[in-house]
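See structure below.
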Amino acid sequence: MAVDVGHFHGEPGVISASGIAEFEFNLELAREVKQDLEKLDFRVRMIGDKGNMVFLNHRTRAASGAELFVSIHHDSMRESVIATRRDELAGFSLFISRHNPQLKKSLACASAIGERMRAAGFTPSRYHADPVIGENRPFADEQNGVHYYDNLGVAKTAKMAAVLVEAGVIANRAEEKRMLDPQVRAKVARSVAQGVAKCLRASRP
């Protein structure tokens, strides 16, 4: 099992409403996901936690042999939308690539994570499927907030099933505060870990 910390120090991802780099959010959450998975008796390999892994294919190569690759991220929105809808768009999203060689398993794991997130009280963001305010990413599982993103680097270069998790929209001021709350972060991490566990155990003989 591989848990990837999205982005790196040189390109730290989106900047939150209060000016914090996404990489910092990703690192904290990924560490907790790892801990929760280990409590569920999974062996976990951390990828990108040093903040110096630049190339996406190096991340999936470093995960070679893992049963599943989960990349941890936090979300933003188009610049044209931030000015008018910054505090409206919120929620989690999950992404898979149809170019991944284990598409069925990728979708099953993404759906299981989304199901656990919803059960914990989180809501899918949904706006990524919108052609105007989002990126027109079609739903793979609308109920559980899973989208197809075929050219997603880590998902299409991975040999194993792969899911990218956008835990929350940190460009949204209220959502950023929630994502900084240790109790909320713990709930997100636990939901991701439980979803992964459900998916992987179901796929084993």
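Chain lettering (A, B, ...) mirrors the order of the structure tokens, residue numbering begins at 1 for each chain separately, and ligand numbering begins at 1 in order of display.
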* Test item, strand (DSSP E) assignment across chain A, answer as a PyMOL selection string -> chain A and resi 2-5+45-47+68-75+93-96+139-141+146-148+161-169
* If you count only C-alpha atoms, which residues fall within 9 Å of Leu200 of chain A, apart from same-chain ones fewer than 3 positions away, as an MDAnalysis selection string? -> chainID A and resid 67:68 105 109 195:197 203:204
Give me, as a compact mmCIF listing (two decimals) with all heavy atoms, in the first residue's frame, all polymer residues having an atom no more than 9 Å from segment 168-182 of chain A, counting only C-alpha atoms and skipping those fewer than 5 positions away in the same chain.
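In the end it all went to part.txt:
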```txt
# COMPACT_ATOMS: atom_id res chain seq x y z
N VAL A 14 -1.72 24.36 -4.68
CA VAL A 14 -2.52 25.57 -4.51
C VAL A 14 -2.17 26.24 -3.19
O VAL A 14 -1.64 25.61 -2.27
CB VAL A 14 -4.02 25.25 -4.56
CG1 VAL A 14 -4.38 24.55 -5.87
CG2 VAL A 14 -4.47 24.41 -3.38
N ILE A 15 -2.48 27.51 -3.12
CA ILE A 15 -2.28 28.27 -1.88
C ILE A 15 -3.65 28.47 -1.24
O ILE A 15 -4.60 28.89 -1.90
CB ILE A 15 -1.60 29.63 -2.15
CG1 ILE A 15 -0.26 29.41 -2.86
CG2 ILE A 15 -1.40 30.39 -0.84
CD1 ILE A 15 0.74 28.55 -2.09
N SER A 16 -3.73 28.16 0.03
CA SER A 16 -5.02 28.22 0.73
C SER A 16 -5.49 29.67 0.90
O SER A 16 -4.74 30.62 0.63
CB SER A 16 -4.90 27.57 2.11
OG SER A 16 -4.19 28.42 3.00
N ALA A 17 -6.69 29.83 1.37
CA ALA A 17 -7.28 31.17 1.56
C ALA A 17 -6.43 32.04 2.47
O ALA A 17 -6.35 33.25 2.29
CB ALA A 17 -8.69 31.03 2.12
N SER A 18 -5.75 31.43 3.44
CA SER A 18 -4.92 32.21 4.37
C SER A 18 -3.44 32.19 4.00
O SER A 18 -2.62 32.72 4.74
CB SER A 18 -5.10 31.69 5.80
OG SER A 18 -4.51 30.41 5.94
N GLU A 22 -0.46 24.05 -0.23
CA GLU A 22 -1.19 22.78 -0.21
C GLU A 22 -0.32 21.63 0.29
O GLU A 22 -0.81 20.74 1.00
CB GLU A 22 -1.70 22.45 -1.61
CG GLU A 22 -2.47 21.14 -1.69
CD GLU A 22 -2.71 20.67 -3.10
OE1 GLU A 22 -2.50 21.45 -4.06
OE2 GLU A 22 -3.11 19.49 -3.26
N PHE A 25 -0.70 20.86 3.92
CA PHE A 25 -1.95 20.15 4.23
C PHE A 25 -1.83 18.68 3.86
O PHE A 25 -2.23 17.79 4.61
CB PHE A 25 -3.13 20.76 3.44
CG PHE A 25 -3.62 22.09 3.92
CD1 PHE A 25 -3.02 23.26 3.51
CD2 PHE A 25 -4.73 22.17 4.75
CE1 PHE A 25 -3.50 24.49 3.93
CE2 PHE A 25 -5.23 23.39 5.18
CZ PHE A 25 -4.60 24.56 4.77
N HIS A 73 -4.32 15.04 -1.69
CA HIS A 73 -4.30 16.44 -2.14
C HIS A 73 -5.39 17.23 -1.43
O HIS A 73 -6.26 16.68 -0.77
CB HIS A 73 -4.56 16.51 -3.66
CG HIS A 73 -3.43 16.02 -4.49
ND1 HIS A 73 -2.59 16.86 -5.19
CD2 HIS A 73 -2.99 14.76 -4.74
CE1 HIS A 73 -1.69 16.14 -5.83
NE2 HIS A 73 -1.91 14.86 -5.58
N HIS A 74 -5.33 18.56 -1.62
CA HIS A 74 -6.40 19.47 -1.20
C HIS A 74 -6.71 20.37 -2.39
O HIS A 74 -5.83 20.66 -3.20
CB HIS A 74 -5.99 20.27 0.04
CG HIS A 74 -5.93 19.44 1.28
ND1 HIS A 74 -4.92 18.54 1.52
CD2 HIS A 74 -6.76 19.37 2.36
CE1 HIS A 74 -5.12 17.95 2.70
NE2 HIS A 74 -6.23 18.43 3.22
N ASP A 75 -7.92 20.85 -2.46
CA ASP A 75 -8.48 21.38 -3.70
C ASP A 75 -8.54 22.90 -3.75
O ASP A 75 -8.51 23.58 -2.73
CB ASP A 75 -9.89 20.82 -3.88
CG ASP A 75 -10.23 20.50 -5.32
OD1 ASP A 75 -9.49 20.91 -6.21
OD2 ASP A 75 -11.27 19.84 -5.53
N SER A 76 -8.70 23.39 -4.98
CA SER A 76 -8.94 24.80 -5.22
C SER A 76 -10.05 24.92 -6.25
O SER A 76 -10.88 24.03 -6.39
CB SER A 76 -7.67 25.50 -5.69
OG SER A 76 -7.89 26.90 -5.80
N MET A 77 -10.04 26.00 -6.99
CA MET A 77 -11.02 26.22 -8.06
C MET A 77 -10.40 27.15 -9.07
O MET A 77 -9.34 27.73 -8.85
CB MET A 77 -12.32 26.82 -7.48
CG MET A 77 -12.13 28.15 -6.78
SD MET A 77 -13.53 28.63 -5.74
CE MET A 77 -13.26 27.63 -4.26
N ILE A 82 -12.89 32.02 -8.21
CA ILE A 82 -12.53 32.39 -6.84
C ILE A 82 -13.14 33.73 -6.44
O ILE A 82 -13.63 33.90 -5.32
CB ILE A 82 -11.00 32.41 -6.66
CG1 ILE A 82 -10.48 30.97 -6.64
CG2 ILE A 82 -10.59 33.14 -5.39
CD1 ILE A 82 -8.97 30.85 -6.48
N ARG A 85 -17.16 32.91 -6.16
CA ARG A 85 -17.75 31.74 -5.51
C ARG A 85 -16.78 31.05 -4.55
O ARG A 85 -16.95 29.88 -4.22
CB ARG A 85 -18.22 30.75 -6.58
CG ARG A 85 -19.17 31.35 -7.58
CD ARG A 85 -19.73 30.35 -8.57
NE ARG A 85 -20.65 29.41 -7.95
CZ ARG A 85 -21.38 28.52 -8.64
NH1 ARG A 85 -21.29 28.48 -9.95
NH2 ARG A 85 -22.18 27.69 -8.02
N ARG A 86 -15.77 31.80 -4.09
CA ARG A 86 -14.74 31.23 -3.21
C ARG A 86 -15.34 30.46 -2.05
O ARG A 86 -14.88 29.36 -1.73
CB ARG A 86 -13.84 32.35 -2.67
CG ARG A 86 -12.88 31.89 -1.59
CD ARG A 86 -12.19 33.06 -0.91
NE ARG A 86 -11.23 33.72 -1.76
CZ ARG A 86 -9.97 33.32 -1.91
NH1 ARG A 86 -9.54 32.25 -1.29
NH2 ARG A 86 -9.15 33.98 -2.70
N ASP A 87 -16.31 31.03 -1.38
CA ASP A 87 -16.84 30.42 -0.17
C ASP A 87 -18.09 29.59 -0.40
O ASP A 87 -18.76 29.16 0.54
CB ASP A 87 -17.10 31.50 0.88
CG ASP A 87 -15.81 32.20 1.31
OD1 ASP A 87 -14.78 31.50 1.41
OD2 ASP A 87 -15.82 33.41 1.52
N GLU A 88 -18.39 29.34 -1.68
CA GLU A 88 -19.55 28.51 -2.03
C GLU A 88 -19.13 27.08 -2.36
O GLU A 88 -19.80 26.12 -1.96
CB GLU A 88 -20.26 29.12 -3.24
CG GLU A 88 -21.43 28.31 -3.74
CD GLU A 88 -22.03 28.90 -5.01
OE1 GLU A 88 -21.75 30.08 -5.31
OE2 GLU A 88 -22.75 28.16 -5.70
N LEU A 89 -18.04 26.93 -3.07
CA LEU A 89 -17.60 25.61 -3.51
C LEU A 89 -16.80 24.92 -2.41
O LEU A 89 -15.84 25.47 -1.89
CB LEU A 89 -16.75 25.72 -4.78
CG LEU A 89 -17.44 26.43 -5.96
CD1 LEU A 89 -16.51 26.47 -7.16
CD2 LEU A 89 -18.76 25.75 -6.32
N ALA A 90 -17.22 23.71 -2.07
CA ALA A 90 -16.60 22.99 -0.96
C ALA A 90 -16.83 21.50 -1.16
O ALA A 90 -17.64 21.08 -1.99
CB ALA A 90 -17.18 23.45 0.37
N GLY A 91 -16.12 20.70 -0.38
CA GLY A 91 -16.33 19.26 -0.39
C GLY A 91 -15.14 18.48 -0.91
O GLY A 91 -14.15 19.05 -1.34
N PHE A 92 -15.26 17.16 -0.88
CA PHE A 92 -14.18 16.28 -1.33
C PHE A 92 -14.44 15.79 -2.75
O PHE A 92 -15.59 15.79 -3.22
CB PHE A 92 -14.02 15.08 -0.39
CG PHE A 92 -15.13 14.07 -0.48
CD1 PHE A 92 -15.08 13.03 -1.40
CD2 PHE A 92 -16.24 14.14 0.35
CE1 PHE A 92 -16.10 12.09 -1.51
CE2 PHE A 92 -17.28 13.21 0.27
CZ PHE A 92 -17.21 12.18 -0.66
N SER A 93 -13.39 15.39 -3.43
CA SER A 93 -13.50 14.77 -4.75
C SER A 93 -12.47 13.65 -4.85
O SER A 93 -11.42 13.70 -4.20
CB SER A 93 -13.24 15.78 -5.87
OG SER A 93 -14.23 16.79 -5.90
N SER A 125 -17.83 17.47 -3.61
CA SER A 125 -17.86 18.85 -4.10
C SER A 125 -18.68 19.00 -5.39
O SER A 125 -19.31 20.03 -5.61
CB SER A 125 -16.43 19.34 -4.36
OG SER A 125 -15.83 18.60 -5.41
N LYS A 187 -10.76 12.67 11.16
CA LYS A 187 -11.95 12.03 10.61
C LYS A 187 -11.77 11.72 9.12
O LYS A 187 -12.17 10.66 8.63
CB LYS A 187 -13.17 12.92 10.84
CG LYS A 187 -14.50 12.24 10.50
CD LYS A 187 -15.68 13.19 10.66
CE LYS A 187 -15.92 13.57 12.11
NZ LYS A 187 -17.19 14.36 12.24
N VAL A 188 -11.16 12.67 8.39
CA VAL A 188 -10.87 12.44 6.97
C VAL A 188 -9.92 11.27 6.81
O VAL A 188 -10.14 10.36 6.01
CB VAL A 188 -10.28 13.70 6.31
CG1 VAL A 188 -9.83 13.39 4.88
CG2 VAL A 188 -11.27 14.85 6.31
```
Would you give me, as JSON lines, each residue of segment 50-144 of chain A having an atom within 6 Å of an atom of segment 148-161 of chain A, along with its shortest atom pair and that distance in Å to one decimal, using only C-alpha atoms and sorting by chain and residue number?
```
{"residue": "A:Leu56", "atom": "CA", "partner": "A:Val154", "partner_atom": "CA", "distance": 5.7}
{"residue": "A:Thr60", "atom": "CA", "partner": "A:Ala158", "partner_atom": "CA", "distance": 5.2}
{"residue": "A:Leu68", "atom": "CA", "partner": "A:Ala161", "partner_atom": "CA", "distance": 5.1}
{"residue": "A:Phe95", "atom": "CA", "partner": "A:Tyr148", "partner_atom": "CA", "distance": 5.7}
{"residue": "A:Ile96", "atom": "CA", "partner": "A:Tyr148", "partner_atom": "CA", "distance": 5.2}
{"residue": "A:Ser97", "atom": "CA", "partner": "A:Asp150", "partner_atom": "CA", "distance": 4.1}
{"residue": "A:Arg98", "atom": "CA", "partner": "A:Asp150", "partner_atom": "CA", "distance": 5.3}
{"residue": "A:His99", "atom": "CA", "partner": "A:Lys156", "partner_atom": "CA", "distance": 5.1}
{"residue": "A:Asn100", "atom": "CA", "partner": "A:Lys156", "partner_atom": "CA", "distance": 4.7}
{"residue": "A:Gln102", "atom": "CA", "partner": "A:Ala161", "partner_atom": "CA", "distance": 5.0}
{"residue": "A:Lys105", "atom": "CA", "partner": "A:Ala161", "partner_atom": "CA", "distance": 5.9}
{"residue": "A:Ser106", "atom": "CA", "partner": "A:Ala161", "partner_atom": "CA", "distance": 4.7}
{"residue": "A:Arg137", "atom": "CA", "partner": "A:Tyr148", "partner_atom": "CA", "distance": 5.9}
{"residue": "A:Pro138", "atom": "CA", "partner": "A:Tyr148", "partner_atom": "CA", "distance": 5.6}
{"residue": "A:Ala140", "atom": "CA", "partner": "A:Tyr148", "partner_atom": "CA", "distance": 5.7}
```
* Every residue of chain A that DSSP places in alpha helix (DSSP H), as an MDAnalysis selection string -> chainID A and resid 22:39 56:62 79:85 103:119 153:157 173:180 182:203
